[in-house]
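One file, start33.txt, is given below (compact mmCIF, C-alpha atoms).
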# COMPACT_ATOMS: atom_id res chain seq x y z
CA MET A 1 121.72 30.31 72.62
CA SER A 2 121.84 31.56 76.21
CA ASN A 3 123.11 34.97 75.07
CA ASN A 4 120.22 35.28 72.63
CA THR A 5 117.75 34.32 75.32
CA GLN A 6 119.14 36.91 77.69
CA GLN A 7 119.00 39.56 75.00
CA HIS A 8 115.45 38.60 74.14
CA SER A 9 114.31 38.83 77.76
CA SER A 10 115.99 42.20 78.36
CA GLU A 11 115.17 43.80 74.98
CA PRO A 12 112.00 42.25 73.57
CA THR A 13 111.49 42.30 69.83
CA PRO A 14 108.67 44.73 68.90
CA SER A 15 105.46 42.85 68.13
CA ALA A 16 101.98 44.14 67.35
CA LEU A 17 100.58 40.67 68.04
CA ALA A 18 101.62 41.03 71.69
CA LEU A 19 98.88 43.66 72.11
CA LEU A 20 96.15 41.18 71.17
CA PRO A 21 95.35 40.17 74.80
CA LEU A 22 94.50 43.79 75.65
CA GLY A 23 92.15 43.90 72.66
CA ILE A 24 90.46 40.68 73.80
CA PHE A 25 89.93 42.04 77.31
CA LEU A 26 88.49 45.36 76.09
CA ALA A 27 86.27 43.62 73.54
CA LEU A 28 84.78 41.41 76.26
CA PHE A 29 84.68 43.95 79.10
CA ILE A 30 83.31 46.89 77.13
CA GLY A 31 81.71 45.06 74.22
CA VAL A 32 79.53 42.71 76.25
CA GLY A 33 78.41 45.47 78.58
CA THR A 34 77.56 47.78 75.69
CA TYR A 35 75.66 45.04 73.87
CA LEU A 36 73.61 44.15 76.94
CA THR A 37 72.91 47.84 77.57
CA LEU A 38 71.48 48.17 74.06
CA GLN A 39 69.37 45.07 74.77
CA GLY A 40 67.88 46.83 77.80
CA VAL A 41 69.44 44.51 80.40
CA ASP A 42 69.59 46.02 83.88
CA PHE A 43 73.09 46.40 85.36
CA ALA A 44 74.51 45.36 81.99
CA PHE A 45 78.15 45.86 82.92
CA TYR A 46 77.76 43.61 85.96
CA GLN A 47 76.61 40.61 83.93
CA LEU A 48 80.17 39.70 82.95
CA PRO A 49 82.47 40.45 85.91
CA ALA A 50 85.68 42.19 84.84
CA PRO A 51 88.03 39.54 86.31
CA VAL A 52 86.22 36.87 84.29
CA ALA A 53 86.56 39.01 81.14
CA ALA A 54 90.31 39.22 81.85
CA LEU A 55 90.79 35.43 81.98
CA PRO A 56 90.62 34.77 78.18
CA ALA A 57 93.03 37.67 77.68
CA VAL A 58 95.48 36.21 80.19
CA ILE A 59 95.25 32.80 78.52
CA ALA A 60 95.91 34.41 75.12
CA ALA A 61 98.93 36.27 76.53
CA ILE A 62 100.37 33.03 77.90
CA LEU A 63 99.75 31.16 74.63
CA LEU A 64 101.41 33.95 72.61
CA SER A 65 104.58 33.66 74.65
CA LYS A 66 107.54 32.10 72.86
CA GLU A 67 108.81 30.79 76.18
CA LYS A 68 107.98 27.37 77.57
CA LEU A 69 104.66 27.19 79.39
CA ASN A 70 106.16 27.14 82.87
CA LYS A 71 108.40 30.12 82.02
CA ALA A 72 105.45 32.09 80.62
CA ILE A 73 103.39 31.41 83.73
CA GLU A 74 106.36 32.47 85.86
CA GLN A 75 106.51 35.77 83.96
CA PHE A 76 102.78 36.26 84.47
CA LEU A 77 103.18 35.67 88.21
CA ARG A 78 106.06 38.13 88.30
CA GLY A 79 103.72 40.77 86.88
CA VAL A 80 101.02 39.83 89.38
CA GLY A 81 103.52 40.24 92.20
CA HIS A 82 104.99 43.54 90.99
CA SER A 83 105.44 46.01 93.85
CA ASP A 84 103.07 48.54 92.24
CA ILE A 85 100.32 45.92 91.89
CA ILE A 86 100.75 44.66 95.46
CA ALA A 87 100.75 48.25 96.75
CA MET A 88 97.47 48.97 94.95
CA CYS A 89 95.90 45.79 96.28
CA MET A 90 96.93 46.63 99.85
CA ILE A 91 95.37 50.07 99.47
CA TYR A 92 92.18 48.41 98.23
CA LEU A 93 92.04 46.17 101.31
CA LEU A 94 92.80 48.92 103.83
CA ALA A 95 90.41 51.37 102.15
CA GLY A 96 87.66 48.75 102.13
CA ALA A 97 88.25 47.91 105.79
CA PHE A 98 88.26 51.56 106.85
CA ALA A 99 85.08 52.35 104.90
CA SER A 100 83.31 49.31 106.35
CA VAL A 101 84.29 50.01 109.97
CA ALA A 102 83.62 53.76 109.70
CA LYS A 103 80.16 53.11 108.27
CA ALA A 104 79.30 50.53 110.93
CA THR A 105 80.40 52.83 113.77
CA GLY A 106 78.56 55.90 112.44
CA GLY A 107 81.64 57.72 111.19
CA VAL A 108 80.43 58.08 107.60
CA ASP A 109 77.03 59.46 108.61
CA ALA A 110 78.60 61.91 111.05
CA THR A 111 81.12 63.12 108.47
CA VAL A 112 78.42 63.48 105.82
CA ASN A 113 76.41 65.56 108.27
CA LEU A 114 79.48 67.76 108.89
CA GLY A 115 80.06 68.21 105.17
CA LEU A 116 76.46 69.14 104.50
CA SER A 117 76.45 71.66 107.33
CA MET A 118 79.60 73.35 105.96
CA LEU A 119 78.90 73.34 102.20
CA PRO A 120 76.06 75.37 100.66
CA ALA A 121 73.84 73.29 98.37
CA SER A 122 75.17 75.14 95.30
CA MET A 123 78.77 74.35 96.22
CA ILE A 124 78.61 70.64 97.09
CA LEU A 125 80.29 69.29 93.95
CA PRO A 126 82.91 72.08 93.58
CA GLY A 127 83.66 71.65 97.29
CA ILE A 128 84.24 67.90 96.87
CA PHE A 129 86.50 68.60 93.87
CA VAL A 130 88.61 71.17 95.75
CA ILE A 131 88.92 68.94 98.83
CA SER A 132 89.97 65.95 96.71
CA ALA A 133 92.44 68.09 94.75
CA PHE A 134 93.98 69.54 97.91
CA ILE A 135 94.41 66.15 99.58
CA ALA A 136 95.85 64.55 96.42
CA THR A 137 98.32 67.42 96.00
CA ALA A 138 99.44 67.05 99.60
CA MET A 139 99.56 63.23 99.56
CA GLY A 140 100.92 62.75 96.08
CA THR A 141 98.58 59.82 95.46
CA SER A 142 95.19 59.68 93.81
CA MET A 143 94.47 56.24 95.28
CA GLY A 144 94.94 57.38 98.87
CA THR A 145 92.77 60.42 98.19
CA ILE A 146 89.95 58.34 96.74
CA ALA A 147 90.12 55.94 99.68
CA ALA A 148 89.73 58.86 102.11
CA VAL A 149 87.14 60.97 100.29
CA ALA A 150 84.92 58.54 98.34
CA PRO A 151 82.78 57.17 101.22
CA VAL A 152 81.95 60.67 102.48
CA ALA A 153 81.24 61.97 98.97
CA LEU A 154 78.89 59.04 98.37
CA GLY A 155 77.01 59.76 101.59
CA ILE A 156 76.64 63.44 100.72
CA ALA A 157 75.36 62.61 97.22
CA GLN A 158 72.79 60.13 98.51
CA THR A 159 71.55 62.45 101.24
CA ALA A 160 71.26 65.43 98.89
CA GLY A 161 69.66 63.36 96.12
CA MET A 162 72.45 64.15 93.67
CA ASP A 163 73.73 62.11 90.74
CA VAL A 164 75.93 59.44 92.33
CA ALA A 165 77.90 58.75 89.13
CA LEU A 166 78.63 62.46 88.68
CA THR A 167 79.81 62.69 92.29
CA ALA A 168 82.18 59.76 91.69
CA GLY A 169 83.50 61.60 88.65
CA VAL A 170 84.08 64.71 90.77
CA VAL A 171 86.16 62.74 93.28
CA LEU A 172 88.14 61.16 90.43
CA SER A 173 88.66 64.56 88.81
CA GLY A 174 89.99 66.16 91.99
CA ALA A 175 92.23 63.19 92.76
CA MET A 176 93.78 63.21 89.28
CA PHE A 177 94.31 67.00 89.38
CA GLY A 178 96.26 66.76 92.62
CA ASP A 179 98.19 63.65 91.62
CA ASN A 180 99.25 65.31 88.37
CA LEU A 181 100.54 68.49 90.04
CA SER A 182 101.89 67.19 93.35
CA ILE A 183 105.65 67.57 93.74
CA ILE A 184 105.83 64.36 95.79
CA SER A 185 103.75 62.32 93.33
CA ASP A 186 105.53 59.30 91.82
CA THR A 187 104.42 60.46 88.34
CA THR A 188 106.10 63.84 88.89
CA ILE A 189 109.28 62.16 90.12
CA ALA A 190 109.33 59.71 87.18
CA SER A 191 108.65 62.36 84.52
CA THR A 192 111.19 64.90 85.80
CA ARG A 193 113.94 62.32 86.30
CA SER A 194 113.41 60.72 82.90
CA GLN A 195 113.52 64.11 81.13
CA GLY A 196 116.25 65.68 83.24
CA CYS A 197 114.42 68.75 84.53
CA GLN A 198 113.69 70.38 87.86
CA MET A 199 110.38 69.66 89.60
CA LYS A 200 109.61 73.37 89.99
CA ASP A 201 110.07 73.94 86.25
CA LYS A 202 107.81 71.04 85.39
CA PHE A 203 105.21 72.37 87.88
CA ARG A 204 105.22 75.83 86.27
CA GLU A 205 104.79 74.31 82.83
CA ASN A 206 102.10 71.97 84.09
CA ILE A 207 100.01 74.49 86.00
CA ARG A 208 99.52 76.64 82.89
CA ILE A 209 97.66 73.75 81.29
CA ALA A 210 96.04 72.14 84.34
CA LEU A 211 94.61 75.28 85.95
CA PRO A 212 92.31 76.29 83.03
CA ALA A 213 91.06 72.69 82.87
CA ALA A 214 90.38 72.71 86.63
CA ILE A 215 88.48 76.03 86.40
CA ALA A 216 86.35 74.67 83.56
CA ALA A 217 85.61 71.53 85.61
CA ILE A 218 84.69 73.56 88.72
CA LEU A 219 82.29 75.72 86.68
CA LEU A 220 80.66 72.59 85.26
CA PHE A 221 80.33 71.08 88.73
CA LEU A 222 78.95 74.38 90.05
CA PHE A 223 76.10 74.35 87.55
CA SER A 224 75.52 70.64 88.24
CA SER A 225 75.18 71.14 92.03
CA THR A 226 71.39 71.10 92.11
CA PRO A 227 70.25 68.76 94.90
CA THR A 228 66.77 67.34 94.45
CA GLU A 229 66.12 67.91 98.13
CA VAL A 230 67.65 70.12 100.79
CA PRO A 231 69.34 67.67 103.15
CA ALA A 232 68.55 68.06 106.81
CA THR A 233 71.49 68.36 109.18
CA THR A 234 71.81 67.59 112.87
CA ASP A 235 74.34 68.45 115.55
CA VAL A 236 77.84 67.38 114.54
CA GLU A 237 79.14 64.29 116.39
CA TRP A 238 82.78 65.28 116.48
CA LEU A 239 84.00 62.07 118.09
CA LYS A 240 82.66 59.98 115.22
CA VAL A 241 84.11 62.44 112.70
CA LEU A 242 87.55 62.13 114.32
CA PRO A 243 88.78 59.16 112.20
CA TYR A 244 88.17 61.12 108.99
CA ILE A 245 89.73 64.29 110.34
CA ALA A 246 92.71 62.24 111.48
CA ILE A 247 93.33 60.54 108.13
CA LEU A 248 92.97 63.84 106.25
CA VAL A 249 95.42 65.62 108.57
CA LEU A 250 97.87 62.72 108.49
CA ALA A 251 97.57 62.44 104.72
CA VAL A 252 98.27 66.13 104.23
CA SER A 253 101.28 65.85 106.55
CA GLY A 254 102.81 63.39 104.09
CA LEU A 255 102.52 60.19 106.14
CA ASN A 256 102.57 56.94 104.19
CA VAL A 257 99.09 56.04 102.90
CA PHE A 258 99.25 52.54 104.46
CA VAL A 259 99.93 54.01 107.89
CA VAL A 260 97.21 56.63 107.41
CA LEU A 261 94.53 54.07 106.55
CA SER A 262 95.65 51.70 109.33
CA ILE A 263 95.35 54.48 111.90
CA GLY A 264 91.92 55.29 110.51
CA ILE A 265 90.79 51.67 110.97
CA LEU A 266 92.06 51.63 114.56
CA LEU A 267 90.43 54.97 115.44
CA ALA A 268 87.08 54.07 113.86
CA GLY A 269 87.08 50.69 115.62
CA GLY A 270 88.11 52.20 118.95
CA ILE A 271 85.31 54.77 118.82
CA GLY A 272 82.84 51.99 118.02
CA LEU A 273 84.07 49.77 120.85
CA PHE A 274 83.96 52.51 123.48
CA GLY A 275 81.06 54.58 122.17
CA THR A 276 78.55 52.05 120.80
CA PRO A 277 76.94 49.66 123.31
CA ASP A 278 76.41 46.72 120.94
CA TYR A 279 79.74 46.98 119.15
CA SER A 280 82.20 44.24 120.14
CA LEU A 281 85.64 43.01 119.10
CA SER A 282 84.09 40.21 117.07
CA THR A 283 81.86 42.70 115.24
CA TYR A 284 84.91 44.87 114.62
CA GLY A 285 86.78 41.94 113.10
CA GLN A 286 83.80 40.99 110.95
CA ASP A 287 83.51 44.57 109.64
CA ILE A 288 87.18 44.61 108.67
CA TYR A 289 86.80 41.32 106.83
CA ALA A 290 83.61 42.53 105.14
CA GLY A 291 85.59 45.53 103.90
CA PHE A 292 88.20 43.20 102.46
CA GLY A 293 85.44 41.25 100.71
CA ASN A 294 84.01 44.42 99.15
CA MET A 295 87.30 44.90 97.30
CA GLN A 296 87.50 41.36 95.94
CA GLU A 297 86.63 42.19 92.32
CA ILE A 298 89.09 45.04 91.85
CA PHE A 299 91.74 43.13 93.81
CA LEU A 300 91.53 40.21 91.38
CA LEU A 301 91.30 42.39 88.28
CA SER A 302 94.35 44.44 89.23
CA MET A 303 96.41 41.28 89.71
CA LEU A 304 95.27 39.78 86.40
CA ILE A 305 95.90 43.01 84.47
CA GLY A 306 99.31 43.32 86.11
CA GLY A 307 100.29 39.82 85.01
CA MET A 308 98.92 40.33 81.51
CA GLY A 309 100.76 43.64 81.19
CA GLU A 310 104.06 42.00 82.11
CA LEU A 311 103.55 39.32 79.44
CA MET A 312 102.72 41.97 76.82
CA ARG A 313 105.84 43.90 77.78
CA ARG A 314 108.10 40.84 77.55
CA GLN A 315 106.56 39.84 74.20
CA GLY A 316 107.31 43.26 72.70
CA GLY A 317 103.91 44.93 72.78
CA LEU A 318 105.15 48.09 74.48
CA ALA A 319 108.31 48.09 72.38
CA TYR A 320 106.11 47.98 69.28
CA LEU A 321 104.18 51.07 70.38
CA THR A 322 107.41 52.91 71.11
CA GLN A 323 108.93 51.96 67.77
CA LEU A 324 105.77 52.83 65.82
CA ILE A 325 105.42 56.33 67.22
CA SER A 326 109.15 57.02 66.89
CA LYS A 327 109.04 56.04 63.21
CA VAL A 328 106.00 58.22 62.51
CA ILE A 329 107.61 61.25 64.15
CA ARG A 330 110.94 60.79 62.39
CA VAL A 331 109.30 60.33 58.97
CA PHE A 332 107.15 63.41 59.59
CA SER A 333 110.13 65.49 60.76
CA LYS A 334 111.93 65.05 57.43
CA GLN A 335 109.10 66.62 55.45
CA HIS A 336 107.91 69.59 57.48
CA SER A 337 109.02 72.84 59.08
CA LYS A 338 110.68 73.19 62.47
CA ASP A 339 107.47 74.32 64.20
CA GLN A 340 105.50 71.45 62.68
CA ASN A 341 108.19 69.00 63.76
CA LEU A 342 108.03 70.36 67.29
CA ARG A 343 104.27 69.95 67.42
CA ALA A 344 104.54 66.46 65.94
CA SER A 345 107.11 65.51 68.58
CA GLU A 346 104.92 66.79 71.39
CA LEU A 347 101.93 64.90 69.99
CA GLY A 348 104.15 61.84 69.65
CA ILE A 349 105.24 62.07 73.29
CA ALA A 350 101.57 62.40 74.29
CA GLY A 351 100.50 59.46 72.14
CA LEU A 352 103.39 57.29 73.29
CA VAL A 353 102.72 57.65 77.02
CA GLY A 354 98.95 57.43 76.47
CA LEU A 355 99.09 54.16 74.52
CA THR A 356 101.61 52.70 76.96
CA ASN A 357 99.28 53.65 79.81
CA CYS A 358 96.43 51.80 78.10
CA CYS A 359 98.56 48.66 78.09
CA THR A 360 99.90 48.92 81.64
CA ALA A 361 96.91 50.60 83.40
CA ASN A 362 99.53 52.37 85.55
CA ASN A 363 100.53 55.95 84.81
CA THR A 364 103.87 55.79 86.66
CA VAL A 365 104.95 52.64 84.82
CA ALA A 366 103.83 54.21 81.52
CA ILE A 367 106.08 57.24 82.15
CA ILE A 368 109.05 55.04 83.08
CA VAL A 369 108.62 52.83 80.00
CA SER A 370 108.20 55.69 77.51
CA GLY A 371 110.49 58.24 79.18
CA GLY A 372 113.67 57.32 77.30
CA VAL A 373 112.12 57.55 73.84
CA ALA A 374 110.26 60.74 74.83
CA ARG A 375 113.57 62.36 75.80
CA GLU A 376 115.13 61.39 72.46
CA LEU A 377 112.20 62.87 70.55
CA ALA A 378 112.37 66.03 72.64
CA GLU A 379 116.11 66.53 72.12
CA GLU A 380 115.92 65.86 68.37
CA ASN A 381 113.18 68.43 67.78
CA GLY A 382 113.83 71.18 70.31
CA VAL A 383 111.23 70.38 72.98
CA THR A 384 112.38 71.61 76.39
CA PRO A 385 112.86 69.01 79.15
CA ARG A 386 110.21 70.67 81.34
CA ARG A 387 107.78 70.60 78.42
CA SER A 388 108.33 66.91 77.68
CA ALA A 389 108.10 66.07 81.41
CA SER A 390 104.85 68.01 81.66
CA LEU A 391 103.37 66.27 78.61
CA LEU A 392 104.34 62.85 79.94
CA ASP A 393 102.65 63.52 83.28
CA ILE A 394 99.57 65.22 81.80
CA PHE A 395 98.70 62.59 79.21
CA SER A 396 99.40 59.69 81.55
CA CYS A 397 97.01 61.42 83.97
CA VAL A 398 94.39 61.90 81.26
CA VAL A 399 94.46 58.25 80.19
CA GLN A 400 94.61 56.91 83.76
CA GLY A 401 91.58 59.04 84.65
CA VAL A 402 89.45 57.62 81.82
CA LEU A 403 90.56 53.97 81.89
CA PRO A 404 87.62 51.83 83.07
CA TYR A 405 90.13 49.18 84.18
CA GLY A 406 92.45 51.63 85.94
CA ALA A 407 92.88 51.37 89.70
CA GLN A 408 91.18 54.71 90.40
CA ALA A 409 88.00 53.92 88.46
CA LEU A 410 87.86 50.41 89.92
CA LEU A 411 88.15 51.68 93.50
CA LEU A 412 85.51 54.37 92.96
CA GLY A 413 83.23 51.89 91.22
CA SER A 414 83.53 49.54 94.19
CA VAL A 415 82.81 52.26 96.77
CA PHE A 416 79.93 53.84 94.84
CA GLY A 417 78.48 50.56 93.57
CA LEU A 418 78.83 51.66 89.93
CA SER A 419 80.32 50.27 86.76
CA PRO A 420 83.82 51.73 86.24
CA LEU A 421 82.59 52.94 82.85
CA GLU A 422 79.96 55.07 84.58
CA VAL A 423 82.68 56.57 86.76
CA VAL A 424 85.09 57.48 83.95
CA SER A 425 82.30 58.87 81.78
CA HIS A 426 81.99 61.66 84.38
CA SER A 427 85.74 62.32 84.70
CA TYR A 428 85.25 65.78 83.24
CA TYR A 429 88.48 67.28 84.50
CA CYS A 430 90.47 64.68 82.54
CA PHE A 431 88.48 65.52 79.40
CA PHE A 432 89.12 69.24 79.88
CA LEU A 433 92.79 68.56 80.64
CA ALA A 434 93.19 66.63 77.38
CA PHE A 435 91.59 69.47 75.43
CA ALA A 436 93.74 72.10 77.18
CA ALA A 437 96.93 70.11 76.60
CA ILE A 438 96.23 69.51 72.91
CA ALA A 439 95.37 73.20 72.49
CA ALA A 440 98.65 74.12 74.22
CA ILE A 441 100.60 71.99 71.77
CA PHE A 442 99.25 74.03 68.87
CA ILE A 443 99.74 77.39 70.61
CA LYS A 444 103.24 78.73 70.25
CA HIS A 445 104.85 80.20 73.37
CA PRO A 446 108.43 80.91 74.49
CA ALA A 447 108.58 78.06 76.99
CA ARG A 448 108.65 75.59 74.09
CA LYS A 449 111.93 76.90 72.72
CA LEU A 450 115.26 75.63 73.94
CA ALA A 451 117.32 78.25 75.68
CA THR A 452 120.43 79.09 73.74
CA ALA A 453 123.66 79.32 75.66
Could you write out this file's structure as structure tokens?
Amino acid sequence: MSNNTQQHSSEPTPSALALLPLGIFLALFIGVGTYLTLQGVDFAFYQLPAPVAALPAVIAAILLSKEKLNKAIEQFLRGVGHSDIIAMCMIYLLAGAFASVAKATGGVDATVNLGLSMLPASMILPGIFVISAFIATAMGTSMGTIAAVAPVALGIAQTAGMDVALTAGVVLSGAMFGDNLSIISDTTIASTRSQGCQMKDKFRENIRIALPAAIAAILLFLFSSTPTEVPATTDVEWLKVLPYIAILVLAVSGLNVFVVLSIGILLAGGIGLFGTPDYSLSTYGQDIYAGFGNMQEIFLLSMLIGGMGELMRRQGGLAYLTQLISKVIRVFSKQHSKDQNLRASELGIAGLVGLTNCCTANNTVAIIVSGGVARELAEENGVTPRRSASLLDIFSCVVQGVLPYGAQALLLGSVFGLSPLEVVSHSYYCFFLAFAAIAAIFIKHPARKLATA
């Protein structure tokens, strides 16, 4: 009995039913908001808070568990306390604190003024995209990039009278572009290690697909940069801009995102304490705590989704997806030509990591979970390791950039005061990237063929 239990916990039996909690959450989160929107209710997606929508799904996941109740709850808590979830939550808190303190001490306004004085009106959105992409490539994290750029981008959009939701989508687009291509990104590390290829080879394969998508996105943002009013600028207050310059420089230098944001909080608070007459230590502490409070909703939702994802994994939901796609590809490969099998395998790798990402809401975890099966599919049908690594990273990026319950959309929604669905609906780079990647699968080129010894 104990051996069976151990086997069950380490290798869960595939089960479609285990995916039911995700369906319940999406039906409530998206369904209720859509229904209320059609009814003409203002702020429809705020009527049912996302963490509340997640509660019935969590309960369903616990009830579906074949373990005893206490064991199932323990597994849920293990998912809540996963290092990736805790890391995201800490970034939420530090980002919220930095944004709150920087705004209270005039840092956001001063940085917005600097940005407006440097960027022509016609280049505001492309400029935000390029800055976000550069920082994300250097940092290797989309979350850290969003935490640094989002408050300034929001201020610029409001001052210039631009579409706030579109601006949020621009920040998300740039962050996902950089995260996808960065050599130090955890998604790059996971995809190359799981497929057994060099980072430089994966980068070369990746850039051929990502660059056309980025150019298309920049052109779209260029034609969308039409401010309703020409924002007035004043003399730049460099001292107040210093915290933002510092976190950007430190981020690009590769310093840990937690250290970067902590230094930003200290610098912004120090400038307020020594440069603003009415700013005191108690006010500083209250601003930090207010920033924590601003992140409450996404903090709770991330923890609940993390716990639910762990239960779905242990109950065989992810194993079911892996098994299903593997079967479809192998059945297809027996009936078609070599080129068709290769395309089917590449589409299967894309679908596998994409569906896994929908269940885990974490692109790195999705790559790790699906990497083994993706490598088998690649080896069986002649897909090069760099190609399979590139597809894993690209399609996990695409899905993560359009998930309304993904960490990136939740953080941007919190900063911009928008529904996460509004944010992801403007994630145009991710849409272009999906199109470019699917087109690349159907276009034959030498890089897709295995080198013969």
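Closest approach to A:Ser370 among A:Ser65, A:Thr322, A:Gln296, A:Thr384: A:Thr322, based on only C-alpha atoms.
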* A:Ala61, A:Ile73, A:Val257, A:Ala436 ranked by distance to A:Gly316, top pick (using only C-alpha atoms) -> A:Ala61
* In Å, rounded to a single decimal, give me how far atom CA of A:Leu242 is from atom CA of A:Phe274. => 13.8 Å
* Asked: Counting only C-alpha atoms, what is within 12 Å of A:Leu211, bar same-chain residues fewer than 2 positions away, as an MDAnalysis selection string?
  -> chainID A and resid 133 174 177:178 180:181 203:209 213:218 394 429:430 432:433 436:437
Which centre and edge lengths in Å to one decimal define the box along x, y and z that fits every listed atom of stretch 299-317 of chain A plus 6 Å per side, as AutoDock Vina command-line options?
--center_x 99.7 --center_y 42.1 --center_z 83.3 --size_x 28.8 --size_y 17.6 --size_z 33.1
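Residues in contact with A:Ile441 at 8 Å, where all atoms listed in the file are counted and same-chain residues fewer than 5 positions away are skipped, are listed as A:Arg343, A:Glu346, A:Leu347.
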* Asked: Near A:Gly269, within 12 Å and counting all atoms listed in the file, which residues show up once chain neighbours fewer than 6 positions away are dropped, as number ranges by chain?
  -> A: 97-107, 240, 242-243, 262-263, 275-276, 279-288
Can you tell me which residues surround A:Thr192 at a distance of at most 6 Å, considering all atoms listed in the file, apart from same-chain residues fewer than 4 positions away, and format the answer as a PDB file with C-alpha atoms, in the coordinates of the input?
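To be explicit, this is the file written out as around.pdb:
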ATOM      1  CA  GLY A 196     116.250  65.680  83.240  1.00  0.00           C
ATOM      2  CA  CYS A 197     114.420  68.750  84.530  1.00  0.00           C
ATOM      3  CA  ALA A 389     108.100  66.070  81.410  1.00  0.00           C
TER       4      ALA A 389
END
Check which residues of stretch 241-331 of chain A sit at most 8 Å from stretch 16-39 of chain A using all atoms listed in the file, and return one row each with the closest pair of atoms and their distance in Å to one decimal, ordered by chain and rising number, as CSV.
residue,atom,partner,partner_atom,distance
A:Met308,CA,A:Pro21,CA,7.6
A:Met312,CA,A:Ala18,CA,5.3
A:Arg313,CA,A:Ala18,CA,7.9
A:Gln315,CA,A:Ala18,CA,5.7
A:Gly316,CA,A:Ala18,CA,6.2
A:Gly317,CA,A:Ala18,CA,4.7
A:Tyr320,CA,A:Ala16,CA,6.0
A:Leu321,CA,A:Ala16,CA,7.9
* Write out as a PyMOL selection string each polymer residue whose atoms come within 9 Å of A:Ser326, counting all atoms listed in the file; drop sequence neighbours fewer than 3 positions from it. => chain A and resi 321-323+329-331+345+348+352+373-374+377
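Going from atom CA of A:Ala378 over to atom CA of A:Ala344, you cover 10.3 Å.
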Determine, for each residue of stretch 237-327 of chain A having at least one atom at most 10 Å from an atom of stretch 138-156 of chain A, the closest pair of atoms and their separation in Å to one decimal, counting all atoms listed in the file; order by chain and ascending number, as CSV.
residue,atom,partner,partner_atom,distance
A:Tyr244,CA,A:Ala148,CA,7.4
A:Ile245,CA,A:Ala148,CA,9.9
A:Ile247,CA,A:Ala148,CA,7.2
A:Leu248,CA,A:Ala148,CA,7.2
A:Val249,CA,A:Ala138,CA,9.9
A:Leu250,CA,A:Met139,CA,9.1
A:Ala251,CA,A:Met139,CA,5.6
A:Val252,CA,A:Ala138,CA,4.9
A:Ser253,CA,A:Ala138,CA,7.3
A:Gly254,CA,A:Met139,CA,5.6
A:Leu255,CA,A:Met139,CA,7.8
A:Asn256,CA,A:Met139,CA,8.4
A:Val257,CA,A:Gly144,CA,5.9
A:Phe258,CA,A:Gly144,CA,8.6
A:Val260,CA,A:Gly144,CA,8.9
A:Leu261,CA,A:Ala148,CA,8.1
A:Gly264,CA,A:Ala148,CA,9.4
* Structure fact -> As a check of understanding: the span from atom CA of A:Tyr92 to atom CA of A:Ala175 is 15.8 Å
* To do: Kindly indicate which residue among A:Leu222, A:Leu391, A:Ile91, A:Leu266 lies nearest to A:Ile124, using only C-alpha atoms for the distances.
  => A:Leu222
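Using only C-alpha atoms, the shortest contact distance between A:Glu376 and any of A:Ala110, A:Leu410, A:Leu418, A:Ile349 is found at A:Ile349.
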* Check the smallest atom-to-atom distance from each of A:Val236, A:Leu77, A:Leu220, A:Met303 to A:Ser117 using only C-alpha atoms, then report the winner. => A:Val236
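Of the residues listed (A:Gly309, A:Phe442, A:Ile325, A:Ala434), A:Gly309 shows the shortest atom-to-atom separation from A:Gly81; distances use all atoms listed in the file.
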Can you patch up stretch 278-287 of chain A, filling it in to N, CA and C atoms, and show the result as a PDB file, in the frame of the given file?
ATOM      1  N   ASP A 278      76.482  48.062 121.509  1.00  0.00           N
ATOM      2  CA  ASP A 278      76.410  46.720 120.940  1.00  0.00           C
ATOM      3  C   ASP A 278      77.605  46.366 120.063  1.00  0.00           C
ATOM      4  N   TYR A 279      78.595  47.229 120.027  1.00  0.00           N
ATOM      5  CA  TYR A 279      79.740  46.980 119.150  1.00  0.00           C
ATOM      6  C   TYR A 279      80.831  46.249 119.930  1.00  0.00           C
ATOM      7  N   SER A 280      81.227  45.081 119.430  1.00  0.00           N
ATOM      8  CA  SER A 280      82.200  44.240 120.140  1.00  0.00           C
ATOM      9  C   SER A 280      83.418  43.987 119.261  1.00  0.00           C
ATOM     10  N   LEU A 281      84.431  43.346 119.849  1.00  0.00           N
ATOM     11  CA  LEU A 281      85.640  43.010 119.100  1.00  0.00           C
ATOM     12  C   LEU A 281      85.345  42.077 117.930  1.00  0.00           C
ATOM     13  N   SER A 282      84.427  41.138 118.154  1.00  0.00           N
ATOM     14  CA  SER A 282      84.090  40.210 117.070  1.00  0.00           C
ATOM     15  C   SER A 282      83.390  40.944 115.921  1.00  0.00           C
ATOM     16  N   THR A 283      82.524  41.896 116.277  1.00  0.00           N
ATOM     17  CA  THR A 283      81.860  42.700 115.240  1.00  0.00           C
ATOM     18  C   THR A 283      82.886  43.523 114.478  1.00  0.00           C
ATOM     19  N   TYR A 284      83.832  44.078 115.213  1.00  0.00           N
ATOM     20  CA  TYR A 284      84.910  44.870 114.620  1.00  0.00           C
ATOM     21  C   TYR A 284      85.687  44.036 113.607  1.00  0.00           C
ATOM     22  N   GLY A 285      86.061  42.823 114.007  1.00  0.00           N
ATOM     23  CA  GLY A 285      86.780  41.940 113.100  1.00  0.00           C
ATOM     24  C   GLY A 285      85.961  41.572 111.878  1.00  0.00           C
ATOM     25  N   GLN A 286      84.666  41.330 112.072  1.00  0.00           N
ATOM     26  CA  GLN A 286      83.800  40.990 110.950  1.00  0.00           C
ATOM     27  C   GLN A 286      83.654  42.156 109.973  1.00  0.00           C
ATOM     28  N   ASP A 287      83.615  43.389 110.500  1.00  0.00           N
ATOM     29  CA  ASP A 287      83.510  44.570 109.640  1.00  0.00           C
ATOM     30  C   ASP A 287      84.771  44.753 108.810  1.00  0.00           C
TER      31      ASP A 287
END
